Protein chains: 2
Amino acid sequence: MIVRVAKKSLADTLAHVERVIPSRSSNPGLSLLRLDLKPGAIELSGSNMDIDIRARMPADVEAGTSHAVMAHVFGMVVRSLPADDVELDFGDNELQITSGTYTTKLQLVSAASAPVLSFADSHDGSMTAEGFTHALSAARYAAAVADFQAVFRGVKLEFGADSLRAVATDGFRLAYYNVDQGAGISADMIVPARSVDELVRILGEGEVKLHLGEGQLSVEHDVYSLNLKLMDGAFPDYERVIPTNFPVAITLSSTRLAEAVGRVSLMADKTANNRIDLFIKDGTATITAEGSFGRSQEELQVEQDGTDSEIALAYNARFLVDALGPVTGDVRLQFSGASSAPSVVRDIADDNYLAMVVPLRTG
Amino acid sequence: MIVRVAKKSLADTLAHVERVIPSRSSNPGLSLLRLDLKPGAIELSGSNMDIDIRARMPADVEAGTSHAVMAHVFGMVVRSLPADDVELDFGDNELQITSGTYTTKLQLVSAASAPVLSFADSHDGSMTAEGFTHALSAARYAAAVADFQAVFRGVKLEFGADSLRAVATDGFRLAYYNVDQGAGISADMIVPARSVDELVRILGEGEVKLHLGEGQLSVEHDVYSLNLKLMDGAFPDYERVIPTNFPVAITLSSTRLAEAVGRVSLMADKTANNRIDLFIKDGTATITAEGSFGRSQEELQVEQDGTDSEIALAYNARFLVDALGPVTGDVRLQFSGASSAPSVVRDIADDNYLAMVVPLRTG
């Protein structure tokens with residue numbers, strides 16, 4: 001069975017599938033890429049247990065056979081092919097790949113060795129890929145890295161009739177983003193943050209179709225079908241900890257603030273929460289840091305609400321910079337009264353975004 | 001003492017000096033950047049024991065004091081400065097760095113803690129930086145990495161009255177490049193390959209002045225002065241192993257050959273010298289490789305001398321690709337009669353370059 005496809009198309013599609021497939025696994029079947037020849041298409045699929053992925057590439061195929069190859073060897077070969085077209089010749093034990101003057105014969109593995117995957121053939125509704133991606137990207141950074149309780153390493157998706165909120169928190173900071181679109185699902189679920197990263201890489205423009213299955217969210221977009229395994233556990237009741245009363249607030253360029261915090265934090269002590277101090281008084285924000293190498297300071301003019309008050313708080317510099325990331329224009333920082341109460345970050349141009357950062361305890 | 005310099009100029013110059021200075025060392029003095037204020041200039045210097053480097057930046061300085069700072073902390077701060085200009089205020093114990101609204105105070109260390117360096121104030125002669133760089137770059141790849149005898153990890157410089165040859169070998173391959181320029185030195189010396197890498201990064205256009213001192217080669221270029229420590233030991237008598245009689249030779253595009261070898265070698269066994277096989281017959285070069293993942297093959301049409309002969313040799317793919325690196329146009333591969341005798345690579349457009357690759361023993 002010979003299948004001819006464009007090299008670029010195969011390489012680009014394979015790159016997304018290959019990213020999901022682990023290059024090493026204690027289960028050798030997980031390192032396999034499954035290749036299913038279907039009438040009119042070749043399907044590439046694989047899994048890392050948290051994400052199943054399948055890409056369907058149109059091709060002049062009649063009969064239906066299934067095969068598997070070592071995913072990363074196949075990917076390495078495809079990326080290096082010299083010509084614009086590729087001929088895949090599926091034999092009994094070998095896949096012969098020819099492109100221009102170059103030929104490779106790869107060992108084929110029985111498709112039965114690859115993970116058994118099934119993808120949704122119906123969906124509950126759809127939304128724009130752009131809206132879905134924006135919500136996921138704006139919240140994802142606030143999820144915890146390893147060593148934290150499992151639900152903190154996920155992104156919670158709150159699907160409503162006409163809305164979606166993506167929210168993540170590690171207990172020290174929080175971010176959410178609201179989209180005014182429904183997707184035919186009314187349910188809350190937690191998706192591992194690493195799965196969110198892969199999904200965001202794959203989603204481009206157009207429509208994304210969603211289906212809530214047993215313990216998984218199925219996503220269909222362009223040539224890709226994905227199953228994202230959902231996490232068990234109760235997400236914290238975060239809304240009650242977001243303050244609503246702010247004696248002092250400042251407005252300034254998000255980029256300028258992020259750059260200043262980044263610069264000043266070069267002197268911060270990495271072993272002491274990367275602490276920077278923020279003093280606000282009379283329309284001036286002064287950022288300082290001190291560590292074993294020395295001290296640094298920067299002053300920024302800001303628009304201040306509540307000018308009769310002063311604010312003196314300390315933050316983990318990285319948490320503050322991360323919270324400013326999704327804001328491209330002016331940002332509003334809102335400060336609670338008590339020094340340990342969370343501060344809130346809002347995008348002046350987009351009230352769908354909210355971030356919260358808990359100040360460091362000082363003194 | 002206040003010194004004002006342009007941020008970009010300081011950052012660019014410092015980057016070269018900082019690359020030499022080890023970020024960690026069992027000798028803490030080696031991590032220091034020495035800052036000497038001289039009339040009309042600020043001098044930045046440091047060392048990694050193999051290379052001493054000093055950069056002289058013109059600046060409005062009167063008095064002469066000397067200081068030292070942690071090189072990588074200073075570098076990190078300078079790179080992050082927000083404005084075009086920098087003010088360096090040298091106090092008794094602190095260096096205050098101000099740029100725009102940003103200020104940092106770094107701990108100063110006594111200059112006596114930094115390595116004591118001395119740079120040549122005269123030179124034996126000069127040559128073009130371009131010629132010097134070209135010779136070093138074309139030969140350097142053939143030097144050995146760790147685990148080999150020391151002299152194999154160096155680049156030999158053979159300075160003659162009107163010539164320079166740079167040559168490197170690891171015993172399995174060799175490369176040299178000749179330049180038709182003298183530099184007032186008539187001597188052979190071996191420079192560590194890592195020092196060559198740093199030197200090549202620093203050399204731009206213009207003139208390079210050289211001075212042969214006691215156990216070191218001093219190099220002066222632009223604002224930079226360097227001392228390169230020389231290696232002891234006898235470099236192998238390489239000329240006698242370069243064959244001169246070639247029953248078969250082929251000519252083809254260097255890039256096409258390098259790309260084909262790279263592609264085919266994807267199937268090569270990394271644990272068996274990354275072996276590829278080369279068959280030459282009737283104006284066709286066939287490259288093959290075989291390993292646990294499968295087999296691959298590519299055929300290239302070549303211009304063949306000695307068409308009544310066939311050649312069947314095996315090479316380490318990387319050694320062949322490396323040898324083709326300095327050749328941008330057509331390359332000539334010359335094959336000795338016996339299968340274990342070295343093959344020679346020449347640049348059709350530039351006979352100053354010669355590379356030799358010893359075939360793998362087969363069968």
# chains A, B, ... in the order shown; residues from 1 in each chain; ligands from 1
call {"tool": "select_by_dssp", "arguments": {"residues": "region 111-179 of chain B", "states": "strand (DSSP E or B)", "output": "number ranges by chain"}}
result
B: 125-128, 154-159, 164-169, 173-179
call {"tool": "write_last_selection", "arguments": {"atoms": "C-alpha atoms", "output": "PDB file, in the first residue's frame"}}
result
ATOM      1  CA  GLY B 125      53.850  41.800  14.114  1.00  0.00           C
ATOM      2  CA  SER B 126      50.319  41.803  12.852  1.00  0.00           C
ATOM      3  CA  MET B 127      47.973  40.151  10.374  1.00  0.00           C
ATOM      4  CA  THR B 128      44.354  40.583   9.335  1.00  0.00           C
ATOM      5  CA  GLY B 154      44.545  21.984  20.961  1.00  0.00           C
ATOM      6  CA  VAL B 155      44.982  23.784  17.666  1.00  0.00           C
ATOM      7  CA  LYS B 156      48.571  23.962  16.419  1.00  0.00           C
ATOM      8  CA  LEU B 157      49.615  27.298  14.937  1.00  0.00           C
ATOM      9  CA  GLU B 158      52.619  27.131  12.605  1.00  0.00           C
ATOM     10  CA  PHE B 159      53.815  30.704  12.099  1.00  0.00           C
ATOM     11  CA  LEU B 164      50.399  30.722   9.070  1.00  0.00           C
ATOM     12  CA  ARG B 165      48.914  27.245   9.186  1.00  0.00           C
ATOM     13  CA  ALA B 166      46.313  26.249  11.784  1.00  0.00           C
ATOM     14  CA  VAL B 167      46.009  22.494  12.179  1.00  0.00           C
ATOM     15  CA  ALA B 168      44.047  20.205  14.480  1.00  0.00           C
ATOM     16  CA  THR B 169      43.641  16.444  14.744  1.00  0.00           C
ATOM     17  CA  ARG B 173      40.625  13.080  11.382  1.00  0.00           C
ATOM     18  CA  LEU B 174      42.638  16.179  10.688  1.00  0.00           C
ATOM     19  CA  ALA B 175      42.095  19.648   9.244  1.00  0.00           C
ATOM     20  CA  TYR B 176      44.422  22.462   8.322  1.00  0.00           C
ATOM     21  CA  TYR B 177      44.114  25.869   6.744  1.00  0.00           C
ATOM     22  CA  ASN B 178      46.959  27.979   5.318  1.00  0.00           C
ATOM     23  CA  VAL B 179      47.080  31.773   5.247  1.00  0.00           C
TER      24      VAL B 179
END
call {"tool": "closest_atom_pairs", "arguments": {"of": "chain A", "to": "chain B", "cutoff": "10 Å", "atoms": "only C-alpha atoms", "output": "CSV"}}
result
residue,atom,partner,partner_atom,distance
A:Val69,CA,B:Phe293,CA,9.4
A:Met70,CA,B:Phe293,CA,8.2
A:Val73,CA,B:Phe293,CA,7.3
A:Phe74,CA,B:Phe293,CA,9.3
A:Met76,CA,B:Leu266,CA,7.4
A:Val77,CA,B:Leu266,CA,7.0
A:Val78,CA,B:Arg263,CA,9.7
A:Arg79,CA,B:Arg263,CA,9.3
A:Ser80,CA,B:Arg263,CA,5.8
A:Leu81,CA,B:Arg263,CA,7.3
A:Pro82,CA,B:Ala260,CA,8.3
A:Glu94,CA,B:Gly294,CA,8.4
A:Leu95,CA,B:Gly294,CA,9.2
A:Gln96,CA,B:Ser296,CA,9.1
A:Ile97,CA,B:Ser296,CA,8.9
A:Thr98,CA,B:Gln297,CA,9.5
A:Ser99,CA,B:Glu298,CA,9.7
A:Gly100,CA,B:Glu298,CA,8.8
A:Thr101,CA,B:Glu298,CA,5.5
A:Tyr102,CA,B:Glu298,CA,4.4
A:Thr103,CA,B:Gln297,CA,5.2
A:Thr104,CA,B:Ser296,CA,3.9
A:Lys105,CA,B:Arg295,CA,5.1
A:Leu106,CA,B:Gly294,CA,4.5
A:Gln107,CA,B:Gly294,CA,5.7
A:Leu108,CA,B:Phe293,CA,9.4
A:Arg256,CA,B:Pro82,CA,9.8
A:Glu259,CA,B:Pro82,CA,8.4
A:Ala260,CA,B:Tyr102,CA,7.8
A:Gly262,CA,B:Ser80,CA,8.4
A:Arg263,CA,B:Ser80,CA,5.8
A:Val264,CA,B:Tyr102,CA,7.8
A:Leu266,CA,B:Val77,CA,7.0
A:Met267,CA,B:Thr104,CA,8.1
A:Thr286,CA,B:Thr101,CA,9.9
A:Ile287,CA,B:Tyr102,CA,9.4
A:Thr288,CA,B:Thr104,CA,9.3
A:Ala289,CA,B:Thr104,CA,9.2
A:Glu290,CA,B:Lys105,CA,9.3
A:Gly291,CA,B:Leu106,CA,9.8
A:Ser292,CA,B:Gln107,CA,8.5
A:Phe293,CA,B:Leu106,CA,5.9
A:Gly294,CA,B:Leu106,CA,4.5
A:Arg295,CA,B:Lys105,CA,5.1
A:Ser296,CA,B:Thr104,CA,3.9
A:Gln297,CA,B:Thr103,CA,5.2
A:Glu298,CA,B:Tyr102,CA,4.4
A:Glu299,CA,B:Thr101,CA,5.8
A:Leu300,CA,B:Thr101,CA,7.4
call {"tool": "closest_residue", "arguments": {"among": "B:Ala11, B:Val248, B:Val345, B:Val3", "to": "Phe319 (chain B)", "atoms": "only C-alpha atoms"}}
result
B:Val345
call {"tool": "atom_distance", "arguments": {"atom1": "CA of Met356 (chain B)", "atom2": "CA of Glu198 (chain B)"}}
result
25.1 Å
call {"tool": "residues_around", "arguments": {"residues": "Leu230 (chain B)", "least_positions_apart": "5", "cutoff": "8 Å", "atoms": "only C-alpha atoms", "output": "PyMOL selection string"}}
result
chain B and resi 189-192+215-217
call {"tool": "write_last_selection", "arguments": {"atoms": "N, CA, C and O atoms", "output": "compact mmCIF listing (two decimals), in the first residue's frame"}}
result
# COMPACT_ATOMS: atom_id res chain seq x y z
N MET B 189 53.23 26.52 17.90
CA MET B 189 52.67 26.52 19.26
C MET B 189 51.31 25.85 19.23
O MET B 189 50.68 25.75 18.18
N ILE B 190 50.85 25.38 20.40
CA ILE B 190 49.54 24.73 20.49
C ILE B 190 48.67 25.53 21.45
O ILE B 190 49.03 25.75 22.61
N VAL B 191 47.50 25.98 20.95
CA VAL B 191 46.56 26.76 21.75
C VAL B 191 45.36 25.87 22.07
O VAL B 191 44.85 25.19 21.18
N PRO B 192 44.89 25.84 23.33
CA PRO B 192 43.72 25.01 23.64
C PRO B 192 42.54 25.38 22.73
O PRO B 192 42.29 26.57 22.48
N GLY B 215 55.44 31.10 27.28
CA GLY B 215 54.33 30.17 27.47
C GLY B 215 52.98 30.73 27.10
O GLY B 215 51.94 30.15 27.43
N GLN B 216 52.95 31.86 26.42
CA GLN B 216 51.65 32.42 26.02
C GLN B 216 51.76 33.23 24.74
O GLN B 216 52.80 33.79 24.41
N LEU B 217 50.64 33.24 24.01
CA LEU B 217 50.52 34.08 22.82
C LEU B 217 49.63 35.25 23.19
O LEU B 217 48.49 35.06 23.64
call {"tool": "residues_around", "arguments": {"residues": "Pro28 (chain A)", "least_positions_apart": "2", "cutoff": "12 Å", "atoms": "only C-alpha atoms", "output": "list in words"}}
result
Ile21, Pro22, Ser23, Arg24, Ser25, Ser26, Leu30, Ser31, Leu32, Leu33, Ser47, Asn48, Ala68, Val69, Met70, Ala71, Val109, Ser113, Ala114 and Pro115 of chain A
call {"tool": "closest_residue", "arguments": {"among": "A:Val196, A:Val321, A:Leu228, A:Leu136", "to": "Met49 (chain A)", "atoms": "only C-alpha atoms"}}
result
A:Leu228
call {"tool": "atom_distance", "arguments": {"atom1": "CA of Ala193 (chain B)", "atom2": "CA of His16 (chain B)"}}
result
17.0 Å
call {"tool": "atom_distance", "arguments": {"atom1": "CA of Arg140 (chain A)", "atom2": "CA of Ser339 (chain A)"}}
result
26.4 Å
call {"tool": "residues_around", "arguments": {"residues": "Ser340 (chain A)", "least_positions_apart": "6", "cutoff": "8 Å", "atoms": "only C-alpha atoms", "output": "VMD selection string"}}
result
chain A and resid 358 to 361
call {"tool": "select_by_dssp", "arguments": {"residues": "region 242-317 of chain A", "states": "alpha helix (DSSP H)", "output": "PyMOL selection string"}}
result
chain A and resi 254-264+317
call {"tool": "residues_around", "arguments": {"residues": "Asp170 (chain A)", "least_positions_apart": "4", "cutoff": "10 Å", "atoms": "only C-alpha atoms", "output": "JSON, numbers by chain"}}
result
{"A": [141, 142, 143, 144, 145, 148, 149, 151, 152, 153, 154, 174, 175, 236]}
call {"tool": "residues_around", "arguments": {"residues": "Thr13 (chain B)", "least_positions_apart": "6", "cutoff": "9 Å", "atoms": "only C-alpha atoms", "output": "mmCIF file with N, CA and C atoms, in the first residue's frame"}}
result
data_model
loop_
_atom_site.group_PDB
_atom_site.id
_atom_site.type_symbol
_atom_site.label_atom_id
_atom_site.label_comp_id
_atom_site.auth_asym_id
_atom_site.auth_seq_id
_atom_site.Cartn_x
_atom_site.Cartn_y
_atom_site.Cartn_z
ATOM 1 N N LEU B 44 38.254 46.655 31.811
ATOM 2 C CA LEU B 44 37.575 45.493 32.381
ATOM 3 C C LEU B 44 38.461 44.280 32.134
ATOM 4 N N ALA B 55 39.504 44.475 28.358
ATOM 5 C CA ALA B 55 38.891 45.381 27.391
ATOM 6 C C ALA B 55 39.057 46.800 27.909
ATOM 7 N N ARG B 56 39.439 47.690 27.010
ATOM 8 C CA ARG B 56 39.712 49.074 27.387
ATOM 9 C C ARG B 56 38.650 49.950 26.758
ATOM 10 N N MET B 57 37.760 50.521 27.602
ATOM 11 C CA MET B 57 36.700 51.383 27.078
ATOM 12 C C MET B 57 37.036 52.832 27.343
ATOM 13 N N VAL B 223 39.423 46.810 21.105
ATOM 14 C CA VAL B 223 39.643 47.228 22.489
ATOM 15 C C VAL B 223 40.146 46.088 23.366
ATOM 16 N N TYR B 224 40.355 44.905 22.773
ATOM 17 C CA TYR B 224 40.658 43.708 23.555
ATOM 18 C C TYR B 224 42.137 43.333 23.540
#
